[in-house]
>>> print(open('data_19.txt').read())   # compact mmCIF, N, CA and C atoms and all ligand atoms
# COMPACT_ATOMS: atom_id res chain seq x y z
N MET A 1 98.65 30.09 155.71
CA MET A 1 98.03 31.24 155.03
C MET A 1 98.12 32.49 155.91
N ILE A 2 97.71 32.35 157.15
CA ILE A 2 97.77 33.49 158.07
C ILE A 2 99.22 33.97 158.21
N LYS A 3 100.12 33.00 158.27
CA LYS A 3 101.54 33.35 158.44
C LYS A 3 102.03 34.15 157.24
N VAL A 4 101.64 33.72 156.02
CA VAL A 4 102.08 34.42 154.81
C VAL A 4 101.53 35.84 154.83
N LEU A 5 100.28 35.97 155.19
CA LEU A 5 99.65 37.28 155.24
C LEU A 5 100.37 38.18 156.24
N ALA A 6 100.67 37.63 157.39
CA ALA A 6 101.34 38.41 158.43
C ALA A 6 102.71 38.87 157.94
N ALA A 7 103.42 37.97 157.23
CA ALA A 7 104.74 38.33 156.73
C ALA A 7 104.63 39.47 155.72
N CYS A 8 103.61 39.40 154.86
CA CYS A 8 103.42 40.46 153.86
C CYS A 8 103.13 41.79 154.53
N LEU A 9 102.27 41.75 155.51
CA LEU A 9 101.92 42.98 156.21
C LEU A 9 103.16 43.57 156.86
N LEU A 10 103.99 42.71 157.41
CA LEU A 10 105.20 43.17 158.08
C LEU A 10 106.12 43.85 157.08
N VAL A 11 106.31 43.21 155.92
CA VAL A 11 107.18 43.78 154.89
C VAL A 11 106.63 45.14 154.45
N ALA A 12 105.31 45.20 154.22
CA ALA A 12 104.71 46.46 153.78
C ALA A 12 104.91 47.53 154.84
N PHE A 13 104.76 47.13 156.08
CA PHE A 13 104.92 48.10 157.17
C PHE A 13 106.35 48.62 157.24
N VAL A 14 107.31 47.71 157.15
CA VAL A 14 108.71 48.11 157.23
C VAL A 14 109.05 49.03 156.05
N ALA A 15 108.56 48.67 154.85
CA ALA A 15 108.86 49.47 153.66
C ALA A 15 108.29 50.88 153.80
N THR A 16 107.04 51.00 154.27
CA THR A 16 106.48 52.36 154.38
C THR A 16 107.14 53.13 155.50
N SER A 17 107.44 52.48 156.61
CA SER A 17 108.01 53.28 157.69
C SER A 17 109.43 53.73 157.34
N ALA A 18 110.13 52.95 156.51
CA ALA A 18 111.48 53.37 156.11
C ALA A 18 111.40 54.64 155.28
N LEU A 19 110.31 54.79 154.53
CA LEU A 19 110.16 55.96 153.68
C LEU A 19 109.55 57.14 154.40
N ALA A 20 109.04 56.94 155.58
CA ALA A 20 108.30 58.01 156.23
C ALA A 20 108.78 58.24 157.65
N VAL A 21 110.07 58.24 157.83
CA VAL A 21 110.60 58.37 159.18
C VAL A 21 110.31 59.72 159.81
N THR A 22 110.42 60.79 159.01
CA THR A 22 110.19 62.09 159.62
C THR A 22 108.78 62.62 159.34
N GLY A 23 108.06 61.97 158.42
CA GLY A 23 106.67 62.39 158.17
C GLY A 23 106.53 63.58 157.24
N GLY A 24 107.61 64.00 156.60
CA GLY A 24 107.52 65.12 155.66
C GLY A 24 107.12 64.63 154.27
N ASN A 25 106.96 65.58 153.37
CA ASN A 25 106.58 65.26 151.99
C ASN A 25 107.82 65.43 151.10
N PRO A 26 108.41 64.30 150.66
CA PRO A 26 109.68 64.39 149.93
C PRO A 26 109.59 65.11 148.59
N LYS A 27 108.42 65.04 147.93
CA LYS A 27 108.27 65.72 146.63
C LYS A 27 108.33 67.22 146.82
N LYS A 28 107.60 67.69 147.82
CA LYS A 28 107.64 69.12 148.12
C LYS A 28 109.03 69.50 148.59
N GLY A 29 109.65 68.57 149.35
CA GLY A 29 110.98 68.83 149.88
C GLY A 29 112.00 69.04 148.79
N LYS A 30 111.88 68.29 147.72
CA LYS A 30 112.83 68.44 146.61
C LYS A 30 112.72 69.84 146.01
N TYR A 31 111.49 70.27 145.82
CA TYR A 31 111.24 71.60 145.29
C TYR A 31 111.78 72.67 146.25
N LEU A 32 111.48 72.49 147.54
CA LEU A 32 111.91 73.47 148.55
C LEU A 32 113.43 73.50 148.70
N TYR A 33 114.04 72.34 148.54
CA TYR A 33 115.51 72.26 148.62
C TYR A 33 116.13 73.09 147.49
N LYS A 34 115.59 72.91 146.29
CA LYS A 34 116.11 73.67 145.14
C LYS A 34 115.91 75.15 145.36
N LYS A 35 114.74 75.50 145.89
CA LYS A 35 114.39 76.90 146.08
C LYS A 35 115.21 77.55 147.21
N ASN A 36 115.38 76.83 148.33
CA ASN A 36 115.98 77.44 149.52
C ASN A 36 117.46 77.13 149.76
N CYS A 37 117.96 76.07 149.17
CA CYS A 37 119.31 75.63 149.54
C CYS A 37 120.29 75.69 148.37
N LYS A 38 119.81 75.42 147.16
CA LYS A 38 120.72 75.28 146.03
C LYS A 38 121.49 76.55 145.72
N SER A 39 120.91 77.71 146.02
CA SER A 39 121.59 78.97 145.70
C SER A 39 122.96 79.02 146.36
N CYS A 40 123.08 78.50 147.56
CA CYS A 40 124.38 78.48 148.26
C CYS A 40 125.09 77.14 148.09
N HIS A 41 124.33 76.07 147.92
CA HIS A 41 124.94 74.74 147.88
C HIS A 41 125.14 74.22 146.46
N THR A 42 126.01 74.91 145.77
CA THR A 42 126.38 74.55 144.40
C THR A 42 127.88 74.70 144.33
N GLU A 43 128.51 73.88 143.51
CA GLU A 43 129.96 73.96 143.35
C GLU A 43 130.38 75.41 143.08
N GLY A 44 131.37 75.88 143.81
CA GLY A 44 131.88 77.22 143.56
C GLY A 44 131.16 78.33 144.32
N VAL A 45 130.07 78.00 145.02
CA VAL A 45 129.35 78.99 145.82
C VAL A 45 129.68 78.70 147.29
N GLU A 46 129.40 79.66 148.19
CA GLU A 46 129.89 79.55 149.57
C GLU A 46 129.54 78.26 150.32
N GLY A 47 128.38 77.70 150.09
CA GLY A 47 127.99 76.49 150.82
C GLY A 47 128.64 75.22 150.26
N GLY A 48 129.13 75.30 149.05
CA GLY A 48 129.73 74.13 148.40
C GLY A 48 128.67 73.16 147.91
N ASN A 49 129.08 72.24 147.05
CA ASN A 49 128.12 71.30 146.50
C ASN A 49 127.56 70.40 147.60
N LEU A 50 126.26 70.20 147.61
CA LEU A 50 125.62 69.38 148.63
C LEU A 50 124.45 68.66 147.96
N THR A 51 124.42 67.35 148.09
CA THR A 51 123.30 66.59 147.53
C THR A 51 122.82 65.64 148.63
N PRO A 52 121.66 65.00 148.41
CA PRO A 52 121.18 64.04 149.42
C PRO A 52 122.25 62.99 149.75
N LEU A 53 123.06 62.64 148.73
CA LEU A 53 124.09 61.61 148.91
C LEU A 53 125.27 62.06 149.78
N SER A 54 125.32 63.35 150.10
CA SER A 54 126.44 63.85 150.90
C SER A 54 126.45 63.28 152.31
N LYS A 55 125.31 62.78 152.77
CA LYS A 55 125.23 62.26 154.13
C LYS A 55 124.41 60.97 154.19
N THR A 56 124.55 60.28 155.31
CA THR A 56 123.72 59.09 155.54
C THR A 56 122.41 59.53 156.19
N MET A 57 121.47 58.61 156.27
CA MET A 57 120.18 58.92 156.89
C MET A 57 120.36 59.46 158.31
N ALA A 58 121.24 58.80 159.08
CA ALA A 58 121.46 59.21 160.47
C ALA A 58 122.10 60.60 160.53
N GLN A 59 122.99 60.86 159.58
CA GLN A 59 123.64 62.18 159.57
C GLN A 59 122.65 63.30 159.23
N TRP A 60 121.73 63.01 158.31
CA TRP A 60 120.73 64.03 157.98
C TRP A 60 119.84 64.30 159.19
N ASP A 61 119.42 63.23 159.87
CA ASP A 61 118.57 63.44 161.05
C ASP A 61 119.30 64.28 162.08
N ARG A 62 120.57 63.95 162.31
CA ARG A 62 121.34 64.70 163.30
C ARG A 62 121.47 66.17 162.87
N PHE A 63 121.70 66.37 161.59
CA PHE A 63 121.86 67.73 161.09
C PHE A 63 120.60 68.56 161.34
N PHE A 64 119.43 67.99 161.02
CA PHE A 64 118.19 68.75 161.18
C PHE A 64 117.74 68.85 162.63
N GLU A 65 118.05 67.84 163.44
CA GLU A 65 117.57 67.87 164.81
C GLU A 65 118.51 68.57 165.78
N ARG A 66 119.81 68.48 165.54
CA ARG A 66 120.76 69.07 166.48
C ARG A 66 121.54 70.24 165.91
N ASP A 67 122.16 70.05 164.75
CA ASP A 67 123.00 71.10 164.18
C ASP A 67 122.17 72.32 163.74
N LYS A 68 121.05 72.04 163.08
CA LYS A 68 120.15 73.09 162.56
C LYS A 68 120.92 74.17 161.82
N HIS A 69 121.81 73.77 160.96
CA HIS A 69 122.60 74.67 160.13
C HIS A 69 123.39 75.67 160.97
N ALA A 70 124.11 75.15 161.96
CA ALA A 70 124.89 76.00 162.86
C ALA A 70 125.93 76.83 162.12
N ALA A 71 126.41 76.35 160.97
CA ALA A 71 127.42 77.09 160.21
C ALA A 71 126.89 78.45 159.75
N LYS A 72 125.56 78.52 159.59
CA LYS A 72 124.94 79.75 159.10
C LYS A 72 123.46 79.69 159.49
N PRO A 73 123.18 79.94 160.76
CA PRO A 73 121.81 79.75 161.27
C PRO A 73 120.75 80.51 160.48
N GLU A 74 121.13 81.66 159.93
CA GLU A 74 120.13 82.45 159.20
C GLU A 74 119.59 81.71 157.97
N ALA A 75 120.34 80.69 157.50
CA ALA A 75 119.87 79.94 156.33
C ALA A 75 118.57 79.18 156.65
N PHE A 76 118.37 78.81 157.93
CA PHE A 76 117.16 78.07 158.30
C PHE A 76 116.06 79.00 158.79
N GLU A 77 116.45 80.23 159.16
CA GLU A 77 115.44 81.17 159.63
C GLU A 77 114.61 81.60 158.43
N GLY A 78 113.35 81.78 158.62
CA GLY A 78 112.50 82.18 157.51
C GLY A 78 111.96 80.99 156.74
N ILE A 79 112.39 79.79 157.08
CA ILE A 79 111.80 78.60 156.47
C ILE A 79 110.94 77.97 157.56
N SER A 80 109.69 77.68 157.25
CA SER A 80 108.80 77.14 158.29
C SER A 80 109.23 75.73 158.71
N GLU A 81 108.83 75.35 159.91
CA GLU A 81 109.14 74.01 160.44
C GLU A 81 108.67 72.94 159.46
N LYS A 82 107.49 73.17 158.91
CA LYS A 82 106.88 72.20 158.01
C LYS A 82 107.72 72.06 156.73
N ASP A 83 108.16 73.18 156.20
CA ASP A 83 108.97 73.14 154.99
C ASP A 83 110.32 72.47 155.28
N LEU A 84 110.88 72.74 156.45
CA LEU A 84 112.15 72.10 156.81
C LEU A 84 111.98 70.59 156.93
N LEU A 85 110.83 70.18 157.44
CA LEU A 85 110.55 68.75 157.58
C LEU A 85 110.48 68.09 156.19
N ASP A 86 109.87 68.79 155.24
CA ASP A 86 109.78 68.27 153.87
C ASP A 86 111.18 68.16 153.26
N ILE A 87 112.01 69.17 153.49
CA ILE A 87 113.38 69.15 152.96
C ILE A 87 114.16 67.99 153.60
N GLN A 88 113.99 67.86 154.92
CA GLN A 88 114.67 66.76 155.64
C GLN A 88 114.24 65.42 155.06
N GLN A 89 112.94 65.28 154.79
CA GLN A 89 112.43 64.01 154.26
C GLN A 89 113.04 63.70 152.89
N PHE A 90 113.12 64.71 152.04
CA PHE A 90 113.69 64.53 150.70
C PHE A 90 115.16 64.08 150.81
N LEU A 91 115.94 64.79 151.64
CA LEU A 91 117.36 64.46 151.77
C LEU A 91 117.52 63.07 152.39
N TYR A 92 116.69 62.78 153.38
CA TYR A 92 116.74 61.50 154.08
C TYR A 92 116.44 60.33 153.13
N ASP A 93 115.35 60.48 152.37
CA ASP A 93 114.94 59.38 151.48
C ASP A 93 116.01 59.06 150.43
N HIS A 94 116.80 60.07 150.06
CA HIS A 94 117.80 59.86 149.01
C HIS A 94 119.22 59.89 149.55
N ALA A 95 119.36 59.65 150.86
CA ALA A 95 120.68 59.66 151.49
C ALA A 95 121.56 58.55 150.93
N ALA A 96 122.87 58.65 151.24
CA ALA A 96 123.83 57.67 150.73
C ALA A 96 123.40 56.24 151.02
N ASP A 97 122.82 56.00 152.20
CA ASP A 97 122.39 54.65 152.55
C ASP A 97 120.86 54.56 152.59
N GLY A 98 120.21 55.49 151.94
CA GLY A 98 118.74 55.54 151.96
C GLY A 98 118.08 54.57 151.00
N PRO A 99 116.75 54.53 151.03
CA PRO A 99 116.03 53.59 150.16
C PRO A 99 116.18 53.91 148.67
N GLN A 100 116.36 55.18 148.31
CA GLN A 100 116.50 55.53 146.89
C GLN A 100 117.61 56.56 146.72
N PRO A 101 118.88 56.15 146.83
CA PRO A 101 119.96 57.14 146.72
C PRO A 101 119.92 57.85 145.36
N GLN A 102 120.19 59.12 145.38
CA GLN A 102 120.26 59.87 144.10
C GLN A 102 121.12 61.10 144.29
N THR A 103 121.71 61.57 143.20
CA THR A 103 122.60 62.72 143.33
C THR A 103 121.92 64.00 142.93
N CYS A 104 120.93 63.93 142.04
CA CYS A 104 120.39 65.18 141.56
C CYS A 104 119.62 65.86 142.68
N GLY A 105 119.86 67.12 142.86
CA GLY A 105 119.16 67.83 143.91
C GLY A 105 118.49 68.98 143.28
C1 LIG B 1 123.10 81.78 152.51
C2 LIG B 1 123.74 80.58 152.00
C3 LIG B 1 123.22 79.23 152.45
C4 LIG B 1 121.95 78.74 152.34
C5 LIG B 1 120.71 79.44 151.78
C6 LIG B 1 121.98 77.39 152.85
N1 LIG B 1 123.25 77.07 153.26
FE1 LIG B 1 123.87 75.30 154.06
N2 LIG B 1 125.72 76.06 154.38
C7 LIG B 1 126.14 77.32 153.99
C8 LIG B 1 127.52 77.52 154.42
C9 LIG B 1 128.36 78.76 154.17
C10 LIG B 1 127.90 76.32 155.07
C11 LIG B 1 129.25 75.98 155.70
C12 LIG B 1 130.08 75.30 154.66
C13 LIG B 1 131.40 74.85 155.22
O1 LIG B 1 131.54 74.73 156.42
O2 LIG B 1 132.27 74.63 154.38
C14 LIG B 1 126.74 75.44 155.04
C15 LIG B 1 126.74 74.15 155.55
C16 LIG B 1 125.69 73.26 155.39
C17 LIG B 1 125.73 71.88 155.78
C18 LIG B 1 126.89 71.17 156.44
C19 LIG B 1 127.78 70.59 155.37
C20 LIG B 1 128.65 69.52 155.93
O3 LIG B 1 129.65 69.23 155.24
O4 LIG B 1 128.35 68.93 156.97
C21 LIG B 1 124.54 71.32 155.43
C22 LIG B 1 124.10 69.88 155.62
C23 LIG B 1 123.73 72.38 154.86
N3 LIG B 1 124.46 73.54 154.84
C24 LIG B 1 122.44 72.21 154.42
C25 LIG B 1 121.64 73.24 153.95
C26 LIG B 1 120.23 73.10 153.64
C27 LIG B 1 119.43 71.80 153.77
C28 LIG B 1 119.79 74.31 153.23
C29 LIG B 1 118.38 74.70 152.81
C30 LIG B 1 117.35 74.59 153.82
C31 LIG B 1 120.93 75.23 153.27
N4 LIG B 1 122.02 74.53 153.72
C32 LIG B 1 120.89 76.55 152.90
C33 LIG B 1 125.40 78.26 153.31
C34 LIG B 1 124.04 78.17 153.04
>>> encode(input="data_19.txt", output="structure tokens", more="lines below")
Ligand code: HEC
Amino acid sequence: MIKVLAACLLVAFVATSALAVTGGNPKKGKYLYKKNCKSCHTEGVEGGNLTPLSKTMAQWDRFFERDKHAAKPEAFEGISEKDLLDIQQFLYDHAADGPQPQTCG
């Protein structure tokens, strides 16, 4: 009995931590992504089409932690750290190898 309980707790823990790696709010992130990123990241516009599926979870983390939109740094300026974390969480959760891959951004 104790063993079963421990296994369940472990599964629950792994499932929640997989969804909360960066600690942002993915629902807000989706909204913020549409508001702050979609204007440039659409087919035919300068940033090109970009969706959560464009990268893997590790690639998104690297992008937000190291690259920080080096191609156009001003795109990240004016967005608060907290909002960027929410956007990162949304992209991460729906990454190509993420827990809930999706294309709509
Ligand atoms: C003012 C326009 C603009 C805005 C706003 C913008 N971007 Fe970009 N983004 C670009 C351009 C231009 C590039 C370079 C595209 C290229 O190299 O072909 C780029 C590149 C990127 C890349 C790299 C693409 C790759 O293939 O590796 C990512 C990821 C990215 N942007 C994410 C974002 C996110 C997330 C936001 C919102 C917080 C955002 N961008 C907002 C214009 C923009």
>>> closest_atom_pairs(input="data_19.txt", of="chain A", to="ligand LIG 1 (chain B)", cutoff="6 Å", atoms="only C-alpha atoms and all ligand atoms", output="tab-separated table")
residue	atom	partner	partner_atom	distance
A:Tyr33	CA	B:LIG1	C29	5.6
A:Asn36	CA	B:LIG1	C29	4.9
A:Cys37	CA	B:LIG1	C29	3.5
A:Cys40	CA	B:LIG1	C2	4.3
A:Glu46	CA	B:LIG1	C9	4.9
A:Gly47	CA	B:LIG1	C7	3.8
A:His69	CA	B:LIG1	N3	5.7
A:Ala71	CA	B:LIG1	C11	5.0
A:Lys72	CA	B:LIG1	C7	5.8
A:Ala75	CA	B:LIG1	C5	4.7
A:Phe76	CA	B:LIG1	C30	5.7
>>> atom_distance(input="data_19.txt", atom1="atom C of A:Glu74", atom2="atom N of A:Ala96")
24.2 Å
>>> closest_residue(input="data_19.txt", among="A:Leu50, A:Leu32, A:Ala58, A:Val45", to="A:Asp93", atoms="only C-alpha atoms")
A:Ala58
>>> closest_residue(input="data_19.txt", among="A:Ser54, A:Asn49, A:Gln89, A:Gln59", to="A:Tyr31", atoms="only C-alpha atoms")
A:Gln89
>>> atom_distance(input="data_19.txt", atom1="atom N of A:Asn25", atom2="atom C of A:Glu43")
27.4 Å
>>> residues_around(input="data_19.txt", residues="A:Gly98", least_positions_apart="5", cutoff="7 Å", atoms="only N, CA and C atoms", output="list of chain:residue names")
A:Thr56, A:Met57, A:Tyr92, A:Asp93
>>> write_last_selection(input="data_19.txt", atoms="N, CA and C atoms", output="CSV table (one decimal), in the frame of the given file")
chain,number,residue,atom,x,y,z
A,56,THR,N,124.6,60.3,155.3
A,56,THR,CA,123.7,59.1,155.5
A,56,THR,C,122.4,59.5,156.2
A,57,MET,N,121.5,58.6,156.3
A,57,MET,CA,120.2,58.9,156.9
A,57,MET,C,120.4,59.5,158.3
A,92,TYR,N,116.7,62.8,153.4
A,92,TYR,CA,116.7,61.5,154.1
A,92,TYR,C,116.4,60.3,153.1
A,93,ASP,N,115.4,60.5,152.4
A,93,ASP,CA,114.9,59.4,151.5
A,93,ASP,C,116.0,59.1,150.4
>>> closest_residue(input="data_19.txt", among="A:Lys55, A:His41, A:Lys28, A:Lys35", to="A:Ala95", atoms="all atoms listed in the file")
A:Lys55
>>> atom_distance(input="data_19.txt", atom1="atom CA of A:Asp83", atom2="atom C of A:Gly29")
8.0 Å
>>> decode(input="data_19.txt", residues="stretch 62-92 of chain A", atoms="N, CA, C and O atoms", output="PDB file, in the first residue's frame")
ATOM      1  N   ARG A  62      17.151  27.446 -24.158  1.00  0.00           N
ATOM      2  CA  ARG A  62      18.394  28.074 -24.598  1.00  0.00           C
ATOM      3  C   ARG A  62      18.105  29.449 -25.220  1.00  0.00           C
ATOM      4  O   ARG A  62      18.803  30.416 -24.974  1.00  0.00           O
ATOM      5  N   PHE A  63      17.050  29.502 -26.002  1.00  0.00           N
ATOM      6  CA  PHE A  63      16.709  30.764 -26.658  1.00  0.00           C
ATOM      7  C   PHE A  63      16.430  31.865 -25.633  1.00  0.00           C
ATOM      8  O   PHE A  63      16.941  32.977 -25.741  1.00  0.00           O
ATOM      9  N   PHE A  64      15.624  31.535 -24.613  1.00  0.00           N
ATOM     10  CA  PHE A  64      15.267  32.557 -23.623  1.00  0.00           C
ATOM     11  C   PHE A  64      16.394  32.850 -22.642  1.00  0.00           C
ATOM     12  O   PHE A  64      16.511  33.962 -22.136  1.00  0.00           O
ATOM     13  N   GLU A  65      17.229  31.862 -22.348  1.00  0.00           N
ATOM     14  CA  GLU A  65      18.266  32.084 -21.355  1.00  0.00           C
ATOM     15  C   GLU A  65      19.565  32.632 -21.942  1.00  0.00           C
ATOM     16  O   GLU A  65      20.256  33.402 -21.293  1.00  0.00           O
ATOM     17  N   ARG A  66      19.894  32.241 -23.168  1.00  0.00           N
ATOM     18  CA  ARG A  66      21.168  32.677 -23.736  1.00  0.00           C
ATOM     19  C   ARG A  66      21.016  33.607 -24.925  1.00  0.00           C
ATOM     20  O   ARG A  66      21.600  34.665 -24.980  1.00  0.00           O
ATOM     21  N   ASP A  67      20.221  33.210 -25.911  1.00  0.00           N
ATOM     22  CA  ASP A  67      20.090  34.006 -27.131  1.00  0.00           C
ATOM     23  C   ASP A  67      19.386  35.344 -26.859  1.00  0.00           C
ATOM     24  O   ASP A  67      19.819  36.382 -27.305  1.00  0.00           O
ATOM     25  N   LYS A  68      18.301  35.267 -26.085  1.00  0.00           N
ATOM     26  CA  LYS A  68      17.484  36.452 -25.752  1.00  0.00           C
ATOM     27  C   LYS A  68      17.168  37.287 -26.984  1.00  0.00           C
ATOM     28  O   LYS A  68      17.330  38.504 -26.992  1.00  0.00           O
ATOM     29  N   HIS A  69      16.753  36.641 -28.038  1.00  0.00           N
ATOM     30  CA  HIS A  69      16.369  37.289 -29.284  1.00  0.00           C
ATOM     31  C   HIS A  69      17.493  38.151 -29.856  1.00  0.00           C
ATOM     32  O   HIS A  69      17.286  39.325 -30.198  1.00  0.00           O
ATOM     33  N   ALA A  70      18.680  37.556 -29.947  1.00  0.00           N
ATOM     34  CA  ALA A  70      19.853  38.270 -30.452  1.00  0.00           C
ATOM     35  C   ALA A  70      19.651  38.807 -31.868  1.00  0.00           C
ATOM     36  O   ALA A  70      20.245  39.821 -32.243  1.00  0.00           O
ATOM     37  N   ALA A  71      18.792  38.156 -32.664  1.00  0.00           N
ATOM     38  CA  ALA A  71      18.564  38.604 -34.037  1.00  0.00           C
ATOM     39  C   ALA A  71      17.959  40.009 -34.062  1.00  0.00           C
ATOM     40  O   ALA A  71      18.119  40.741 -35.030  1.00  0.00           O
ATOM     41  N   LYS A  72      17.256  40.361 -32.986  1.00  0.00           N
ATOM     42  CA  LYS A  72      16.587  41.657 -32.915  1.00  0.00           C
ATOM     43  C   LYS A  72      16.314  41.943 -31.443  1.00  0.00           C
ATOM     44  O   LYS A  72      15.185  41.809 -30.976  1.00  0.00           O
ATOM     45  N   PRO A  73      17.348  42.343 -30.717  1.00  0.00           N
ATOM     46  CA  PRO A  73      17.222  42.484 -29.255  1.00  0.00           C
ATOM     47  C   PRO A  73      16.079  43.403 -28.833  1.00  0.00           C
ATOM     48  O   PRO A  73      15.461  43.188 -27.794  1.00  0.00           O
ATOM     49  N   GLU A  74      15.779  44.399 -29.649  1.00  0.00           N
ATOM     50  CA  GLU A  74      14.720  45.337 -29.252  1.00  0.00           C
ATOM     51  C   GLU A  74      13.351  44.655 -29.132  1.00  0.00           C
ATOM     52  O   GLU A  74      12.454  45.181 -28.487  1.00  0.00           O
ATOM     53  N   ALA A  75      13.219  43.459 -29.755  1.00  0.00           N
ATOM     54  CA  ALA A  75      11.936  42.757 -29.666  1.00  0.00           C
ATOM     55  C   ALA A  75      11.650  42.315 -28.220  1.00  0.00           C
ATOM     56  O   ALA A  75      10.501  42.181 -27.833  1.00  0.00           O
ATOM     57  N   PHE A  76      12.712  42.090 -27.426  1.00  0.00           N
ATOM     58  CA  PHE A  76      12.511  41.664 -26.031  1.00  0.00           C
ATOM     59  C   PHE A  76      12.519  42.841 -25.067  1.00  0.00           C
ATOM     60  O   PHE A  76      12.058  42.736 -23.944  1.00  0.00           O
ATOM     61  N   GLU A  77      13.062  43.974 -25.538  1.00  0.00           N
ATOM     62  CA  GLU A  77      13.084  45.147 -24.663  1.00  0.00           C
ATOM     63  C   GLU A  77      11.659  45.665 -24.531  1.00  0.00           C
ATOM     64  O   GLU A  77      10.885  45.617 -25.466  1.00  0.00           O
ATOM     65  N   GLY A  78      11.300  46.125 -23.384  1.00  0.00           N
ATOM     66  CA  GLY A  78       9.947  46.623 -23.200  1.00  0.00           C
ATOM     67  C   GLY A  78       8.986  45.524 -22.779  1.00  0.00           C
ATOM     68  O   GLY A  78       7.831  45.803 -22.479  1.00  0.00           O
ATOM     69  N   ILE A  79       9.435  44.292 -22.742  1.00  0.00           N
ATOM     70  CA  ILE A  79       8.602  43.215 -22.207  1.00  0.00           C
ATOM     71  C   ILE A  79       9.205  42.859 -20.851  1.00  0.00           C
ATOM     72  O   ILE A  79      10.416  42.636 -20.756  1.00  0.00           O
ATOM     73  N   SER A  80       8.388  42.831 -19.814  1.00  0.00           N
ATOM     74  CA  SER A  80       8.932  42.572 -18.476  1.00  0.00           C
ATOM     75  C   SER A  80       9.449  41.134 -18.364  1.00  0.00           C
ATOM     76  O   SER A  80       9.023  40.255 -19.108  1.00  0.00           O
ATOM     77  N   GLU A  81      10.359  40.927 -17.421  1.00  0.00           N
ATOM     78  CA  GLU A  81      10.925  39.592 -17.172  1.00  0.00           C
ATOM     79  C   GLU A  81       9.805  38.588 -16.919  1.00  0.00           C
ATOM     80  O   GLU A  81       9.841  37.456 -17.379  1.00  0.00           O
ATOM     81  N   LYS A  82       8.814  39.032 -16.164  1.00  0.00           N
ATOM     82  CA  LYS A  82       7.717  38.155 -15.791  1.00  0.00           C
ATOM     83  C   LYS A  82       6.908  37.757 -17.029  1.00  0.00           C
ATOM     84  O   LYS A  82       6.547  36.587 -17.188  1.00  0.00           O
ATOM     85  N   ASP A  83       6.643  38.713 -17.894  1.00  0.00           N
ATOM     86  CA  ASP A  83       5.893  38.415 -19.110  1.00  0.00           C
ATOM     87  C   ASP A  83       6.703  37.486 -20.021  1.00  0.00           C
ATOM     88  O   ASP A  83       6.156  36.569 -20.636  1.00  0.00           O
ATOM     89  N   LEU A  84       8.016  37.707 -20.083  1.00  0.00           N
ATOM     90  CA  LEU A  84       8.861  36.832 -20.907  1.00  0.00           C
ATOM     91  C   LEU A  84       8.849  35.412 -20.366  1.00  0.00           C
ATOM     92  O   LEU A  84       8.841  34.437 -21.117  1.00  0.00           O
ATOM     93  N   LEU A  85       8.812  35.290 -19.046  1.00  0.00           N
ATOM     94  CA  LEU A  85       8.770  33.967 -18.419  1.00  0.00           C
ATOM     95  C   LEU A  85       7.463  33.250 -18.788  1.00  0.00           C
ATOM     96  O   LEU A  85       7.455  32.052 -19.074  1.00  0.00           O
ATOM     97  N   ASP A  86       6.366  34.000 -18.806  1.00  0.00           N
ATOM     98  CA  ASP A  86       5.074  33.420 -19.191  1.00  0.00           C
ATOM     99  C   ASP A  86       5.115  32.969 -20.651  1.00  0.00           C
ATOM    100  O   ASP A  86       4.630  31.887 -20.993  1.00  0.00           O
ATOM    101  N   ILE A  87       5.704  33.779 -21.514  1.00  0.00           N
ATOM    102  CA  ILE A  87       5.803  33.425 -22.935  1.00  0.00           C
ATOM    103  C   ILE A  87       6.679  32.178 -23.088  1.00  0.00           C
ATOM    104  O   ILE A  87       6.338  31.244 -23.818  1.00  0.00           O
ATOM    105  N   GLN A  88       7.791  32.175 -22.356  1.00  0.00           N
ATOM    106  CA  GLN A  88       8.697  31.005 -22.405  1.00  0.00           C
ATOM    107  C   GLN A  88       7.949  29.751 -21.965  1.00  0.00           C
ATOM    108  O   GLN A  88       8.068  28.690 -22.586  1.00  0.00           O
ATOM    109  N   GLN A  89       7.150  29.881 -20.909  1.00  0.00           N
ATOM    110  CA  GLN A  89       6.421  28.718 -20.395  1.00  0.00           C
ATOM    111  C   GLN A  89       5.425  28.190 -21.428  1.00  0.00           C
ATOM    112  O   GLN A  89       5.304  26.986 -21.644  1.00  0.00           O
ATOM    113  N   PHE A  90       4.719  29.103 -22.089  1.00  0.00           N
ATOM    114  CA  PHE A  90       3.747  28.705 -23.108  1.00  0.00           C
ATOM    115  C   PHE A  90       4.450  27.959 -24.255  1.00  0.00           C
ATOM    116  O   PHE A  90       4.022  26.876 -24.664  1.00  0.00           O
ATOM    117  N   LEU A  91       5.553  28.535 -24.749  1.00  0.00           N
ATOM    118  CA  LEU A  91       6.268  27.912 -25.870  1.00  0.00           C
ATOM    119  C   LEU A  91       6.851  26.568 -25.444  1.00  0.00           C
ATOM    120  O   LEU A  91       6.794  25.574 -26.181  1.00  0.00           O
ATOM    121  N   TYR A  92       7.390  26.536 -24.228  1.00  0.00           N
ATOM    122  CA  TYR A  92       8.003  25.322 -23.693  1.00  0.00           C
ATOM    123  C   TYR A  92       6.980  24.186 -23.554  1.00  0.00           C
ATOM    124  O   TYR A  92       7.217  23.068 -24.001  1.00  0.00           O
TER     125      TYR A  92
END
